[in-house]
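Source file: my_file_20.cif (mmCIF, C-alpha atoms (C1' of nucleotides))
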data_structure
loop_
_atom_site.group_PDB
_atom_site.id
_atom_site.type_symbol
_atom_site.label_atom_id
_atom_site.label_comp_id
_atom_site.auth_asym_id
_atom_site.auth_seq_id
_atom_site.Cartn_x
_atom_site.Cartn_y
_atom_site.Cartn_z
ATOM 1 C CA MET E 1 0.000 0.000 0.000
ATOM 2 C CA ILE E 2 2.763 2.414 0.897
ATOM 3 C CA ALA E 3 4.912 3.214 -2.114
ATOM 4 C CA ALA E 4 7.831 4.259 0.061
ATOM 5 C CA SER E 5 8.813 0.603 0.050
ATOM 6 C CA ASP E 6 9.102 0.547 -3.749
ATOM 7 C CA SER E 7 12.584 0.381 -5.167
ATOM 8 C CA GLU E 8 14.062 3.770 -6.039
ATOM 9 C CA ALA E 9 14.599 2.857 -9.657
ATOM 10 C CA ARG E 10 10.996 1.851 -10.099
ATOM 11 C CA VAL E 11 9.658 5.046 -8.555
ATOM 12 C CA ARG E 12 12.047 7.329 -10.421
ATOM 13 C CA ALA E 13 11.127 5.940 -13.771
ATOM 14 C CA ARG E 14 7.529 6.916 -13.262
ATOM 15 C CA ILE E 15 7.928 10.598 -12.464
ATOM 16 C CA ARG E 16 7.750 13.157 -15.277
ATOM 17 C CA ARG E 17 7.944 16.898 -14.738
ATOM 18 C CA LEU E 18 4.583 18.615 -14.952
ATOM 19 C CA ARG E 19 4.116 21.226 -17.646
ATOM 20 C CA ARG E 20 2.589 24.517 -16.564
ATOM 21 C CA SER E 21 -0.260 23.956 -19.021
ATOM 22 C CA GLU E 22 -1.209 20.867 -17.018
ATOM 23 C CA LEU E 23 -1.744 22.900 -13.838
ATOM 24 C CA PRO E 24 -5.319 24.106 -13.300
ATOM 25 C CA ALA E 25 -5.428 27.907 -13.581
ATOM 26 C CA ASP E 26 -7.559 28.220 -10.445
ATOM 27 C CA THR E 27 -6.101 28.125 -6.929
ATOM 28 C CA GLU E 28 -8.640 25.790 -5.350
ATOM 29 C CA GLN E 29 -8.541 23.471 -8.368
ATOM 30 C CA LEU E 30 -4.758 23.430 -8.222
ATOM 31 C CA ALA E 31 -4.852 22.505 -4.527
ATOM 32 C CA ARG E 32 -7.037 19.504 -5.380
ATOM 33 C CA PHE E 33 -4.996 18.642 -8.463
ATOM 34 C CA LEU E 34 -1.730 18.497 -6.542
ATOM 35 C CA ILE E 35 -2.967 15.718 -4.252
ATOM 36 C CA GLY E 36 -1.258 12.544 -5.444
ATOM 37 C CA LYS E 37 1.271 14.442 -7.575
ATOM 38 C CA THR E 38 4.932 14.552 -6.620
ATOM 39 C CA VAL E 39 7.607 16.998 -5.526
ATOM 40 C CA VAL E 40 11.146 16.258 -6.641
ATOM 41 C CA ARG E 41 14.264 17.737 -5.068
ATOM 42 C CA GLU E 42 17.560 17.125 -6.810
ATOM 43 C CA THR E 43 20.382 17.386 -4.286
ATOM 44 C CA PRO E 44 24.141 16.884 -4.680
ATOM 45 C CA HIS E 45 23.674 13.637 -2.754
ATOM 46 C CA GLY E 46 20.818 12.329 -4.851
ATOM 47 C CA ARG E 47 17.131 12.675 -5.473
ATOM 48 C CA ILE E 48 14.470 13.240 -2.853
ATOM 49 C CA SER E 49 10.837 12.878 -3.877
ATOM 50 C CA GLY E 50 7.457 12.478 -2.259
ATOM 51 C CA ARG E 51 3.762 12.198 -3.016
ATOM 52 C CA ILE E 52 1.762 15.257 -2.046
ATOM 53 C CA VAL E 53 -0.995 14.034 0.278
ATOM 54 C CA GLU E 54 -2.205 17.285 1.840
ATOM 55 C CA THR E 55 -2.565 20.894 0.602
ATOM 56 C CA GLU E 56 -4.286 24.134 1.509
ATOM 57 C CA ALA E 57 -5.560 26.780 -0.919
ATOM 58 C CA TYR E 58 -5.000 30.478 -0.183
ATOM 59 C CA ILE E 59 -7.282 32.007 -2.761
ATOM 60 C CA VAL E 60 -7.701 35.513 -4.166
ATOM 61 C CA GLY E 61 -9.439 37.801 -1.685
ATOM 62 C CA ASP E 62 -8.724 35.440 1.199
ATOM 63 C CA ALA E 63 -8.017 37.371 4.413
ATOM 64 C CA ALA E 64 -5.903 34.461 5.680
ATOM 65 C CA ALA E 65 -3.578 34.608 2.674
ATOM 66 C CA HIS E 66 -0.214 36.336 2.759
ATOM 67 C CA ALA E 67 -1.062 38.017 -0.533
ATOM 68 C CA PHE E 68 -4.153 39.666 0.965
ATOM 69 C CA ILE E 69 -2.184 42.743 2.049
ATOM 70 C CA GLY E 70 -0.781 43.213 -1.444
ATOM 71 C CA LEU E 71 2.672 42.751 -2.919
ATOM 72 C CA THR E 72 5.486 42.936 -0.369
ATOM 73 C CA ARG E 73 9.105 41.872 -0.281
ATOM 74 C CA ARG E 74 8.262 38.622 1.464
ATOM 75 C CA ASN E 75 5.236 37.491 -0.544
ATOM 76 C CA ARG E 76 6.290 38.584 -4.032
ATOM 77 C CA SER E 77 6.676 35.004 -5.273
ATOM 78 C CA LEU E 78 2.948 34.482 -4.773
ATOM 79 C CA PHE E 79 2.433 36.987 -7.587
ATOM 80 C CA LEU E 80 4.436 34.967 -10.127
ATOM 81 C CA LYS E 81 2.483 32.940 -12.679
ATOM 82 C CA ARG E 82 1.291 29.573 -11.447
ATOM 83 C CA GLY E 83 3.852 26.889 -10.711
ATOM 84 C CA HIS E 84 6.487 28.946 -8.898
ATOM 85 C CA ALA E 85 7.758 28.299 -5.376
ATOM 86 C CA TYR E 86 6.869 30.664 -2.556
ATOM 87 C CA VAL E 87 8.906 29.870 0.541
ATOM 88 C CA TYR E 88 8.668 31.804 3.791
ATOM 89 C CA PHE E 89 9.910 31.511 7.344
ATOM 90 C CA ALA E 90 7.252 30.963 10.014
ATOM 91 C CA TYR E 91 7.206 31.167 13.793
ATOM 92 C CA GLY E 92 10.918 31.798 13.895
ATOM 93 C CA SER E 93 11.565 28.130 13.370
ATOM 94 C CA CYS E 94 10.456 26.625 10.076
ATOM 95 C CA TYR E 95 10.100 27.204 6.361
ATOM 96 C CA LEU E 96 6.849 26.580 4.480
ATOM 97 C CA LEU E 97 6.650 25.700 0.781
ATOM 98 C CA ASN E 98 3.846 26.955 -1.442
ATOM 99 C CA VAL E 99 3.065 26.838 -5.159
ATOM 100 C CA SER E 100 1.900 30.073 -6.783
ATOM 101 C CA SER E 101 -1.412 29.525 -8.488
ATOM 102 C CA GLU E 102 -2.688 32.399 -10.619
ATOM 103 C CA VAL E 103 -1.556 34.601 -13.499
ATOM 104 C CA ARG E 104 1.419 36.899 -13.043
ATOM 105 C CA GLY E 105 0.427 39.900 -10.922
ATOM 106 C CA VAL E 106 -2.312 38.099 -8.985
ATOM 107 C CA GLY E 107 -1.278 36.804 -5.568
ATOM 108 C CA ALA E 108 -2.488 33.367 -4.481
ATOM 109 C CA GLY E 109 -0.970 30.010 -3.683
ATOM 110 C CA VAL E 110 -1.229 26.450 -2.478
ATOM 111 C CA LEU E 111 0.554 25.388 0.713
ATOM 112 C CA LEU E 112 2.088 21.916 0.609
ATOM 113 C CA ARG E 113 1.357 20.405 4.022
ATOM 114 C CA ALA E 114 2.467 16.780 3.890
ATOM 115 C CA LEU E 115 4.339 14.270 1.735
ATOM 116 C CA GLU E 116 4.486 10.516 1.556
ATOM 117 C CA PRO E 117 8.222 9.930 1.046
ATOM 118 C CA LEU E 118 9.239 8.090 -2.148
ATOM 119 C CA ASP E 119 12.889 8.572 -3.157
ATOM 120 C CA GLY E 120 15.804 9.466 -0.912
ATOM 121 C CA ILE E 121 14.305 8.412 2.379
ATOM 122 C CA ALA E 122 17.769 8.171 3.954
ATOM 123 C CA LEU E 123 18.494 11.740 2.819
ATOM 124 C CA ILE E 124 15.196 12.928 4.275
ATOM 125 C CA ALA E 125 15.938 11.224 7.571
ATOM 126 C CA ARG E 126 19.282 12.987 7.647
ATOM 127 C CA ASN E 127 17.692 16.371 6.903
ATOM 128 C CA ARG E 128 15.059 15.837 9.570
ATOM 129 C CA GLY E 129 17.087 14.151 12.247
ATOM 130 C CA VAL E 130 14.398 11.522 12.778
ATOM 131 C CA THR E 131 13.837 8.089 11.295
ATOM 132 C CA ARG E 132 10.157 7.274 11.780
ATOM 133 C CA LEU E 133 8.720 7.191 8.276
ATOM 134 C CA HIS E 134 5.455 8.819 9.306
ATOM 135 C CA ASP E 135 7.216 11.803 10.853
ATOM 136 C CA LEU E 136 9.526 12.562 7.933
ATOM 137 C CA ALA E 137 7.276 14.999 6.046
ATOM 138 C CA ARG E 138 3.965 15.179 7.902
ATOM 139 C CA GLY E 139 3.336 18.888 8.486
ATOM 140 C CA PRO E 140 4.384 21.864 6.346
ATOM 141 C CA GLY E 141 7.480 22.785 8.330
ATOM 142 C CA ARG E 142 8.678 19.207 8.373
ATOM 143 C CA LEU E 143 7.985 18.919 4.650
ATOM 144 C CA ALA E 144 10.302 21.811 3.832
ATOM 145 C CA GLU E 145 12.960 20.465 6.163
ATOM 146 C CA ALA E 146 12.657 17.022 4.582
ATOM 147 C CA LEU E 147 13.273 18.546 1.155
ATOM 148 C CA ASP E 148 16.026 20.838 2.459
ATOM 149 C CA VAL E 149 14.045 23.784 1.161
ATOM 150 C CA ASP E 150 14.554 27.298 2.497
ATOM 151 C CA LEU E 151 14.651 30.852 1.168
ATOM 152 C CA LYS E 152 17.190 29.850 -1.502
ATOM 153 C CA GLN E 153 14.381 28.076 -3.342
ATOM 154 C CA ASP E 154 11.935 30.982 -3.079
ATOM 155 C CA GLY E 155 10.813 32.066 -6.545
ATOM 156 C CA LEU E 156 11.995 28.954 -8.406
ATOM 157 C CA ASP E 157 9.942 27.821 -11.391
ATOM 158 C CA LEU E 158 8.649 24.395 -10.373
ATOM 159 C CA CYS E 159 7.760 23.610 -13.995
ATOM 160 C CA ALA E 160 11.350 23.988 -15.161
ATOM 161 C CA PRO E 161 14.315 21.606 -14.893
ATOM 162 C CA GLY E 162 16.320 22.260 -11.770
ATOM 163 C CA GLU E 163 16.727 21.501 -8.112
ATOM 164 C CA LEU E 164 13.016 21.540 -7.257
ATOM 165 C CA TRP E 165 10.043 20.685 -9.450
ATOM 166 C CA LEU E 166 6.572 19.190 -9.567
ATOM 167 C CA GLY E 167 6.051 15.735 -11.047
ATOM 168 C CA THR E 168 3.294 13.424 -12.153
ATOM 169 C CA ALA E 169 1.552 10.936 -9.898
ATOM 170 C CA THR E 170 3.258 7.587 -9.291
ATOM 171 C CA ARG E 171 0.060 5.660 -8.784
ATOM 172 C CA GLU E 172 -3.674 6.127 -8.725
ATOM 173 C CA THR E 173 -4.768 8.889 -6.348
ATOM 174 C CA GLY E 174 -7.264 7.997 -3.642
ATOM 175 C CA ALA E 175 -10.451 9.853 -2.793
ATOM 176 C CA ILE E 176 -9.858 13.485 -1.825
ATOM 177 C CA GLY E 177 -11.295 14.897 1.378
ATOM 178 C CA ALA E 178 -11.799 18.580 2.259
ATOM 179 C CA SER E 179 -11.771 20.329 5.612
ATOM 180 C CA LEU E 180 -11.121 23.599 7.389
ATOM 181 C CA ARG E 181 -7.572 24.865 7.165
ATOM 182 C CA ILE E 182 -5.245 24.342 10.087
ATOM 183 C CA GLY E 183 -3.811 27.016 12.338
ATOM 184 C CA ILE E 184 -5.441 30.120 10.878
ATOM 185 C CA THR E 185 -7.854 32.599 12.414
ATOM 186 C CA ARG E 186 -9.074 34.831 9.587
ATOM 187 C CA ASP E 187 -11.456 33.352 7.001
ATOM 188 C CA ALA E 188 -11.261 30.164 9.060
ATOM 189 C CA HIS E 189 -14.688 28.900 7.984
ATOM 190 C CA ARG E 190 -13.699 27.973 4.436
ATOM 191 C CA GLU E 191 -13.018 24.340 3.553
ATOM 192 C CA LEU E 192 -9.820 24.873 1.603
ATOM 193 C CA ARG E 193 -7.672 22.079 2.989
ATOM 194 C CA PHE E 194 -7.472 18.956 0.849
ATOM 195 C CA TYR E 195 -6.022 15.546 1.596
ATOM 196 C CA GLU E 196 -5.965 11.989 0.344
ATOM 197 C CA ARG E 197 -8.460 10.064 2.452
ATOM 198 C CA GLY E 198 -7.019 7.371 4.642
ATOM 199 C CA ASN E 199 -3.418 8.273 3.930
ATOM 200 C CA PRO E 200 -1.351 7.954 7.137
ATOM 201 C CA PHE E 201 1.056 10.705 6.085
ATOM 202 C CA VAL E 202 -1.638 13.410 6.371
ATOM 203 C CA SER E 203 -1.108 15.883 9.253
ATOM 204 C CA GLY E 204 -3.514 17.497 11.662
ATOM 205 C CA PRO E 205 -6.088 16.242 14.162
ATOM 206 C CA ARG E 206 -8.037 13.174 13.157
ATOM 207 C CA SER E 207 -11.260 15.185 13.397
ATOM 208 C CA LEU E 208 -10.168 17.145 10.321
ATOM 209 C CA SER E 209 -9.277 14.088 8.212
ATOM 210 C CA PRO E 210 -12.129 11.580 8.547
ATOM 211 C "C1'" DA D 211 13.288 52.146 16.715
ATOM 212 C "C1'" DG D 212 9.530 49.676 18.820
ATOM 213 C "C1'" DT D 213 5.480 46.700 18.623
ATOM 214 C "C1'" DG D 214 2.481 42.669 17.723
ATOM 215 C "C1'" DC D 215 1.763 38.547 15.472
ATOM 216 C "C1'" DG D 216 1.667 34.245 13.296
ATOM 217 C "C1'" DA D 217 -0.344 29.101 7.006
ATOM 218 C "C1'" DT D 218 4.355 25.387 13.499
ATOM 219 C "C1'" DT D 219 6.760 22.263 16.069
ATOM 220 C "C1'" DG D 220 8.439 19.496 19.828
ATOM 221 C "C1'" DA D 221 8.382 18.920 24.588
ATOM 222 C "C1'" DC D 222 5.686 18.033 28.324
ATOM 223 C "C1'" DT D 223 1.414 16.892 31.834
ATOM 224 C "C1'" DG O 224 -4.367 16.578 25.389
ATOM 225 C "C1'" DT O 225 -1.853 21.593 26.374
ATOM 226 C "C1'" DC O 226 1.737 25.165 25.679
ATOM 227 C "C1'" DA O 227 5.670 28.156 24.946
ATOM 228 C "C1'" DA O 228 9.801 29.118 22.054
ATOM 229 C "C1'" DT O 229 11.298 32.064 18.425
ATOM 230 C "C1'" DC O 230 12.253 35.791 14.840
ATOM 231 C "C1'" DG O 231 11.202 37.898 10.364
ATOM 232 C "C1'" DC O 232 7.855 40.725 8.675
ATOM 233 C "C1'" DA O 233 4.687 44.593 8.296
ATOM 234 C "C1'" DC O 234 3.146 48.508 10.414
ATOM 235 C "C1'" DT O 235 3.272 52.704 13.424
ATOM 236 C "C1'" DA O 236 5.818 56.738 15.165
#
Take the structure in this file and express it as structure tokens.
Amino acid sequence: MIAASDSEARVRARIRRLRRSELPADTEQLARFLIGKTVVRETPHGRISGRIVETEAYIVGDAAAHAFIGLTRRNRSLFLKRGHAYVYFAYGSCYLLNVSSEVRGVGAGVLLRALEPLDGIALIARNRGVTRLHDLARGPGRLAEALDVDLKQDGLDLCAPGELWLGTATRETGAIGASLRIGITRDAHRELRFYERGNPFVSGPRSLSP
DNA sequence: AGTGCGATTGACT
DNA sequence: GTCAATCGCACTA
């Protein structure tokens, strides 16, 4: 059931970089679309990849979104055309990885909240300092740490060849659930968090992932 | 220059 | 289950 036990060669052969034209042009649709797709990080030590199992949409006009206040130095990557990385530093302790989701000049994005590790599990464990498979990339801060992503990757085109990109699904995607977003106060009533039902790598309280 | 506040995590009862 | 650490950012003066 868990693809993390697949051989690296078998998993690698299945991942192809996503073209921007394949990404839905709407933020909420992109958040749903990305469930089951992959993130690939090419490091000097080898490839790290994982299945995206949980996302949150931060849509246009959303008071909870960083882009709500307009273009600033920190959030400028959210205003790039869809498929670019927006990385920021939160709570003085962790980085969070987002995918920009609209046309250039419009600020919106999708937060990647959890991965099911595929390739480079030993590298992830080294980045994270833990070994339990379920804890490697469950939660947005852990996800970025697992991928060794920080501000250096902010603004990267995730639809271009390079150190960080989005890839196709490695297997059939399960049913997608929706819930309230985690850890926000403004516009908290919207169901803009998406996850693969039943997947043990999804973060958050069980009440939000039935 | 000073203030308030998180799209979290890990430690702890 | 609860809770505090931690610091860059945006805003006010």
(request) Using all atoms listed in the file, find all polymer residues with an atom at most 12 Å away from the point (3.6, 30.4, 11.5); report them as a list in words. (result)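 The residues near that point, listed by chain and number, are Ala64, His66, Tyr88, Phe89, Ala90, Tyr91, Gly92, Ser93, Cys94, Tyr95, Leu96, Gly139, Pro140, Gly141, Ile182, Gly183, Ile184 and Thr185 of chain E; DC215, DG216, DA217, DT218 and DT219 of chain D; DT229, DC230, DG231 and DC232 of chain O.
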(message) One number please: CA of Ile69 (chain E) to CA of Ala144 (chain E), in Å, one decimal.
(response)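 Going from CA of Ile69 (chain E) over to CA of Ala144 (chain E), I get 24.4 Å.
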(message) My list of candidates is E:Arg74, E:His189, E:Arg32, E:His84. Which is closest to chain O when distances are computed with only C-alpha atoms (C1' of nucleotides)?
(response)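 Of all the options, E:Arg74 lies closest to chain O.
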(request) Could you jot down the CA of Glu56 (chain E) to CA of Ala31 (chain E) separation for me, Å, one decimal place? (result) 6.3 Å
(request) Excluding DT223 (chain D) and any residue of its chain fewer than 2 positions from it, enumerate the residues within 12 Å of it, using all atoms listed in the file, and give them as a list of chain:residue names. (result) D:DA221, O:DG224, O:DT225, O:DC226
Take region 162-173 of chain E, model all heavy atoms, and hand the result over as an mmCIF file, in the coordinates of the input.
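Written file, result_6.cif:
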data_model
loop_
_atom_site.group_PDB
_atom_site.id
_atom_site.type_symbol
_atom_site.label_atom_id
_atom_site.label_comp_id
_atom_site.auth_asym_id
_atom_site.auth_seq_id
_atom_site.Cartn_x
_atom_site.Cartn_y
_atom_site.Cartn_z
ATOM 1 N N GLY E 162 15.534 21.609 -12.805
ATOM 2 C CA GLY E 162 16.320 22.260 -11.770
ATOM 3 C C GLY E 162 16.299 21.476 -10.477
ATOM 4 O O GLY E 162 16.047 20.278 -10.471
ATOM 5 N N GLU E 163 16.563 22.174 -9.396
ATOM 6 C CA GLU E 163 16.727 21.501 -8.112
ATOM 7 C C GLU E 163 15.408 21.163 -7.440
ATOM 8 O O GLU E 163 15.394 20.388 -6.480
ATOM 9 C CB GLU E 163 17.577 22.371 -7.188
ATOM 10 C CG GLU E 163 17.010 23.751 -6.939
ATOM 11 C CD GLU E 163 17.922 24.584 -6.046
ATOM 12 O OE1 GLU E 163 18.297 24.117 -4.974
ATOM 13 O OE2 GLU E 163 18.265 25.708 -6.454
ATOM 14 N N LEU E 164 14.316 21.783 -7.890
ATOM 15 C CA LEU E 164 13.016 21.540 -7.257
ATOM 16 C C LEU E 164 11.916 21.660 -8.298
ATOM 17 O O LEU E 164 11.829 22.671 -8.989
ATOM 18 C CB LEU E 164 12.801 22.564 -6.133
ATOM 19 C CG LEU E 164 11.569 22.398 -5.243
ATOM 20 C CD1 LEU E 164 11.648 21.112 -4.421
ATOM 21 C CD2 LEU E 164 11.404 23.618 -4.329
ATOM 22 N N TRP E 165 11.121 20.623 -8.442
ATOM 23 C CA TRP E 165 10.043 20.685 -9.450
ATOM 24 C C TRP E 165 8.881 19.769 -9.086
ATOM 25 O O TRP E 165 8.990 18.922 -8.199
ATOM 26 C CB TRP E 165 10.570 20.376 -10.845
ATOM 27 C CG TRP E 165 11.514 19.221 -10.997
ATOM 28 C CD1 TRP E 165 12.875 19.276 -10.877
ATOM 29 C CD2 TRP E 165 11.194 17.857 -11.303
ATOM 30 N NE1 TRP E 165 13.414 18.030 -11.103
ATOM 31 C CE2 TRP E 165 12.413 17.146 -11.366
ATOM 32 C CE3 TRP E 165 10.007 17.171 -11.555
ATOM 33 C CZ2 TRP E 165 12.478 15.778 -11.660
ATOM 34 C CZ3 TRP E 165 10.066 15.812 -11.850
ATOM 35 C CH2 TRP E 165 11.284 15.132 -11.900
ATOM 36 N N LEU E 166 7.779 19.991 -9.781
ATOM 37 C CA LEU E 166 6.572 19.190 -9.567
ATOM 38 C C LEU E 166 6.513 18.076 -10.597
ATOM 39 O O LEU E 166 6.824 18.297 -11.766
ATOM 40 C CB LEU E 166 5.328 20.075 -9.705
ATOM 41 C CG LEU E 166 5.147 21.155 -8.624
ATOM 42 C CD1 LEU E 166 4.030 22.115 -9.017
ATOM 43 C CD2 LEU E 166 4.869 20.514 -7.272
ATOM 44 N N GLY E 167 6.110 16.878 -10.140
ATOM 45 C CA GLY E 167 6.051 15.735 -11.047
ATOM 46 C C GLY E 167 4.685 15.077 -11.062
ATOM 47 O O GLY E 167 3.805 15.372 -10.249
ATOM 48 N N THR E 168 4.549 14.169 -11.993
ATOM 49 C CA THR E 168 3.294 13.424 -12.153
ATOM 50 C C THR E 168 3.080 12.463 -10.989
ATOM 51 O O THR E 168 3.989 12.196 -10.199
ATOM 52 C CB THR E 168 3.353 12.597 -13.446
ATOM 53 O OG1 THR E 168 4.590 11.876 -13.458
ATOM 54 C CG2 THR E 168 3.284 13.496 -14.673
ATOM 55 N N ALA E 169 1.883 11.928 -10.920
ATOM 56 C CA ALA E 169 1.552 10.936 -9.898
ATOM 57 C C ALA E 169 2.270 9.629 -10.194
ATOM 58 O O ALA E 169 2.575 9.309 -11.347
ATOM 59 C CB ALA E 169 0.045 10.716 -9.846
ATOM 60 N N THR E 170 2.571 8.871 -9.124
ATOM 61 C CA THR E 170 3.258 7.587 -9.291
ATOM 62 C C THR E 170 2.287 6.425 -9.253
ATOM 63 O O THR E 170 2.645 5.297 -9.566
ATOM 64 C CB THR E 170 4.286 7.379 -8.170
ATOM 65 O OG1 THR E 170 3.618 7.517 -6.902
ATOM 66 C CG2 THR E 170 5.401 8.390 -8.268
ATOM 67 N N ARG E 171 1.093 6.692 -8.823
ATOM 68 C CA ARG E 171 0.060 5.660 -8.784
ATOM 69 C C ARG E 171 -1.284 6.352 -8.718
ATOM 70 O O ARG E 171 -1.354 7.584 -8.630
ATOM 71 C CB ARG E 171 0.259 4.735 -7.581
ATOM 72 C CG ARG E 171 0.091 5.403 -6.225
ATOM 73 C CD ARG E 171 0.108 4.353 -5.115
ATOM 74 N NE ARG E 171 -0.319 4.886 -3.840
ATOM 75 C CZ ARG E 171 0.498 5.348 -2.898
ATOM 76 N NH1 ARG E 171 1.785 5.368 -3.121
ATOM 77 N NH2 ARG E 171 0.025 5.785 -1.762
ATOM 78 N N GLU E 172 -2.330 5.560 -8.757
ATOM 79 C CA GLU E 172 -3.674 6.127 -8.725
ATOM 80 C C GLU E 172 -3.880 6.898 -7.417
ATOM 81 O O GLU E 172 -3.458 6.456 -6.354
ATOM 82 C CB GLU E 172 -4.713 5.006 -8.840
ATOM 83 C CG GLU E 172 -6.117 5.522 -9.048
ATOM 84 C CD GLU E 172 -7.096 4.370 -9.325
ATOM 85 O OE1 GLU E 172 -6.630 3.249 -9.615
ATOM 86 O OE2 GLU E 172 -8.306 4.603 -9.239
ATOM 87 N N THR E 173 -4.515 8.063 -7.532
ATOM 88 C CA THR E 173 -4.768 8.889 -6.348
ATOM 89 C C THR E 173 -6.080 8.472 -5.706
ATOM 90 O O THR E 173 -7.077 8.255 -6.391
ATOM 91 C CB THR E 173 -4.837 10.377 -6.751
ATOM 92 O OG1 THR E 173 -3.624 10.733 -7.402
ATOM 93 C CG2 THR E 173 -5.027 11.252 -5.515
#
